[in-house]
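First up is the structure itself, then whatever we jot down about it.
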Amino acid sequence: MDSLFGLNRGHRKYWMRHCLRILCVCICMFWAACSDGGDSGDGPDDGLVPPALSLAWPADPPRSAKASPHSFGAADVAGLSPGSQQNGAALEIRSGSDDFGWATFALQLSGDELPASVNVSDFSLPAGQRAWLAVGNWSTLKWEWRAPFERGQLPVWSLDPHAAFRSPNARLYLALAVERDGQLDFLGGSFTTYAPSDELGFPRLGMWYADPYKSSLADCARYDVHIGDYNYLVPTGQGDKPFGTALKDLNPGIVLLTYTAFSEINYLQDFDGLGTNPYLPAWPAGWLLTEAGTTLSSAINASATSISVSDWEQSGPVHDGQSSPWEIFHVDGDVQVGQEIMTVTGLNPGAMTLTVTRGAYGSSAAAHSGGERIAPIARYWPGTYVTNLTPSSPLASLDGASGPESFWQYYLRMSASGVDQSGGWFDNLSNVRDGLLLDRMEDTQSWLAGEVVNSIDHDRDNVADDFAAFDSAWLSGIESITTALNSQYPGKPVLRNNGGGRRFGDYNGNNFESFPRDEWNDSGNDPAAEWHYNMFGAPDEDFGGLVEWATLSPQPNYTWLETYEDDNPADPNGDGSYDNPFDKPGFKPNYRKMRFGLCSALVAGSYFSYEINTNGHGSLGLMWFDEYDDSGRERGWLGQPVAAPLQLWVDPNDDAQGVWAREYEHGLALVNPYPSAKSITLPAGQWQRLSGSQQPQINNGEIARGELALPAQDGLLLKRSE
């Protein structure tokens with residue numbers, strides 16, 4: 001995780017642009033999602049099963065979906081025994097006694113079918129005996145059990161078409177249990193599937209922080225999924241309306257994911273310093289994440305601006321390329337002594353003294369004793385501090401709390417209340433619409449060390465944290481936050497940004513930001529290997545790739561590939577300004593890079609967005625491409641994938657790498673991740689280039705068949721012309 005740009009950048013730039021335009025906030029009661037109405041749990045238990053799980057799945061099959069019947073019988077028995085492994089994941093049958101007999105079934109699916117219902121229609125069961133039906137859920141890695149049935153009953157289970165019931169090896173796993181003193185003679189049954197080919201067509205397009213003041217409402221509304229805030233008012237032909245309402249009026253099917261990030265907090269209202277965070281001064285010092293620091297070598301009063309410290313260097317765990325020891329302090333960095341924040345303006349290493357500005361960002365200058373801790377505050381995005389989400393975060397009762405809270409509990413409560421949104425100090429979760437996007441909440445955070453800070457010291461003992469121990473503590477906090485969000489917003493899908501790990505079942509997908517990245521071409525890097533790593537993951541490194549997230553996360557799956565015209569991240573110590581190329585006369589986007597990203601997304605079957613930069617996202621300007629809608633002819637023109645990703649050229653040095661393609665109902669996506677052109681043989685059939693105006697030398701309408709030269713680090717979309 002060497003370059004994770006999943007930040008509050010759109011959020012912060014957005015508030016800079018719109019805080020004076022926001023006239024009101026719509027505050028709604030949270031709505032509760034219904035469960036699926038079925039009984040489920042870990043297994044049968046003396047006539048009862050545990051309460052139903054709360055499932056955030058669609059109540060109806062996909063629109064215009066076509067049902068496909070399947071049958072199964074005793075010959076399909078899988079031989080799956082309690083605790084056995086299937087494709088590396090266990091679906092255990094657990095019981096407190098030996099009072100049950102078991103039969104398990106592995107039913108092969110075809111294509112991309114999603115299981116939709118199961119009907120056990122042919123069995124023999126003694127009178128008075130009970131049996132149970134279960135289906136394997138590959139998101140939770142548990143069996144889900146239906147209420148017991150008896151002779152004469154036909155257990156039919158509506159699953160709601162969902163990828164969670166499709167195993168990694170494309171099977172539907174079923175289990176039947178019967179009380180031990182009975183015998184179940186099973187002969188057969190049936191199940192139906194719904195083909196996801198009748199869902200939203202591809203390309204599926206998304207956008208972060210579209211700006212209705214920079215671009216028209218109509219342009220903002222033509223994407224399939226949005227990330228941002230939707231509660232501020234915008235002018236429409238029917239008067240002022242909340243932005244989200246205006247988008248839904250124009251595109252009723254649009255999905256609106258509300259942005260939130262617990263791991264960073266603004267200390268400035270905007271980068272011109274027009275306001276400091278009024279809540280920050282009262283927070284416990286431990287709510288902010290710091291580096292390993294040192295102590296004051298002597299006491300200081302509230303007006304001292306030259307302070308002496310006990311140590312100038314620190315040492316500890318480092319990442320590759322990071323030197324040790326390192327200097328603790330640097331000019332323009334902020335340090336914390338107790339609850340006071342100071343900005344370092346000068347350094348004297350020989351005398352081990354700092355020149356500082358006291359009482360920064362609304363904190364109070366105070367007297368401090370010799371031996372008191374002084375440490376740099378961790379920063380990543382300009383104008384923000386990194387917060388402490390680990391269990392070491394102290395508890396406090398502030399701003400109307402009913403009891404002691406950690407930082408993330410406080411932040412969630414304040415955000416959900418919609419308090420003081422004109423300042424933008426908290427994310428606005430008062431009216432979450434269709435779901436949530438979690439930014440800067442990766443499973444690990446030790447990558448900050450060596451990227452933008454020298455070390456991490458979450459327990460504030462001035463000893464640089466062991467990376468593995470810190471990441472474990474960090475993940476504990478992330479899991480607690482995710483659980484709390486699912487409880488507070490039941491039924492709302494949650495997409496994460498740059499999550500990296502392999503907890504596919506915990507989120508409705510992962511946003512891969514800045515993919516592909518220009519830095520893959522830096523000296524010493526293997527750009528094709530970098531692409532394959534991000535596409536297909538690395539289980540041994542606990543890294544999930546785009547294809548895995550797009551395949552294994554539960555529905556609705558919003559896995560997303562986000563490509564930037566300009567990959568440069570913001571300077572954590574900068575002023576947050578950005579020189580926007582979109583606004584320059586004669587600007588033309590990097591069409592090759594867009595195709596590279598779009599076709600990578602299509603090979604994986606994910607959403608896609610092309611934006612100018614992480615520092616502003618869609619608020620910098622919206623771009624639309626011929627490939628998005630076949631030059632204005634039809635949205636979703638490719639339809640659905642009809643096969644898995646396919647290698648058209650195999651790398652002789654690594655047969656897991658190559659040039660990749662994926663066939664869709666109405667076209668073909670090709671992508672070459674190599675820094676040199678590759679000659680490939682097209683799949684059987686007749687293909688035709690698009691007819692477009694933006695890059696007519698590429699999209700010239702010509703028939704394509706047989707051999708084709710695919711340029712370096714490029715993608716190409718072809719239409720079926722049969």
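Chain labels run A, B, ... following the order of the structure tokens; each chain numbers its residues from 1, and ligands are numbered from 1 in the order shown.
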(message) So that I can check the surroundings of region 163-177 of chain A, please list as a PyMOL selection string every protein, DNA and RNA residue that reaches within 6 Å of it, counting only C-alpha atoms and ignoring chain neighbours fewer than 2 positions away.
(response) chain A and resi 101-109+114+131-139+554
Closest pair table for region 193-222 of chain A residues within 6 Å of region 609-621 of chain A, only C-alpha atoms, as a tab-separated table:
```
residue	atom	partner	partner_atom	distance
A:Leu205	CA	A:Ser609	CA	5.9
A:Gly206	CA	A:Ser609	CA	5.1
A:Met207	CA	A:Ser609	CA	5.7
A:Trp208	CA	A:Gly618	CA	5.5
A:Tyr209	CA	A:Gly618	CA	5.1
A:Ala210	CA	A:Gly618	CA	4.4
A:Asp211	CA	A:Ser619	CA	4.6
```
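Interatomic distance, CA of Thr236 (chain A) against CA of Gly253 (chain A): 18.9 Å.
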(message) Which residues are near Asp630 (chain A)? Cut-off 12 Å, only C-alpha atoms, ignore same chain within fewer than 2 positions. Put them as number ranges by chain.
(response) A: 202-203, 624-628, 632-639, 666-667, 688-694, 699, 701, 717-719
(message) as a PyMOL selection string, please: every residue in region 487-716 of chain A that DSSP puts in helix (DSSP H, G or I).
(response) chain A and resi 487-488+504-506+518-521+527-536+539-541+546-552+581-583+591-604+617-620+626-629
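With distances restricted to only C-alpha atoms, A:Gln713 is the closest residue to Trp520 (chain A) from A:Ser397, A:Ser455, A:Gln555, A:Gln713.
Take the candidates A:Gly418, A:Gly500, A:Pro696, A:Pro235 and check each one against Gly537 (chain A) using only C-alpha atoms; the shortest distance goes to A:Gly500.
The shortest atom-to-atom distance to Pro673 (chain A), with only C-alpha atoms taken into account, belongs to A:Glu530 out of A:Leu648, A:Leu412, A:Glu530, A:Lys588.
Near region 704-708 of chain A, within a cut-off of 7 Å and counting only C-alpha atoms, sit the residues A:Ser679, A:Ile680, A:Thr681, A:Leu682, A:Gln686, A:Trp687, A:Gln688, A:Arg689, A:Glu702, A:Leu710, with same-chain residues fewer than 2 positions away left out.
Nearest-residue note for Arg595 (chain A): choosing from A:Gly658, A:Gly715, A:Gly491, A:Pro527, the minimum distance belongs to A:Gly715, counting only C-alpha atoms.
For Thr305 (chain A), the set of protein, DNA and RNA residues having any atom at most 10 Å away, when counting only C-alpha atoms and skipping those fewer than 2 positions along the same chain, is Ile300, Asn301, Ala302, Ser303, Ile307, Met342, Val344, Thr345, Thr353, Leu354, Thr355, Val356, Thr357 and Arg358 of chain A.
Of the listed residues (A:Glu150, A:Asp459, A:Asp334, A:Asp542), A:Asp542 comes nearest to Phe504 (chain A); the distances count only C-alpha atoms.
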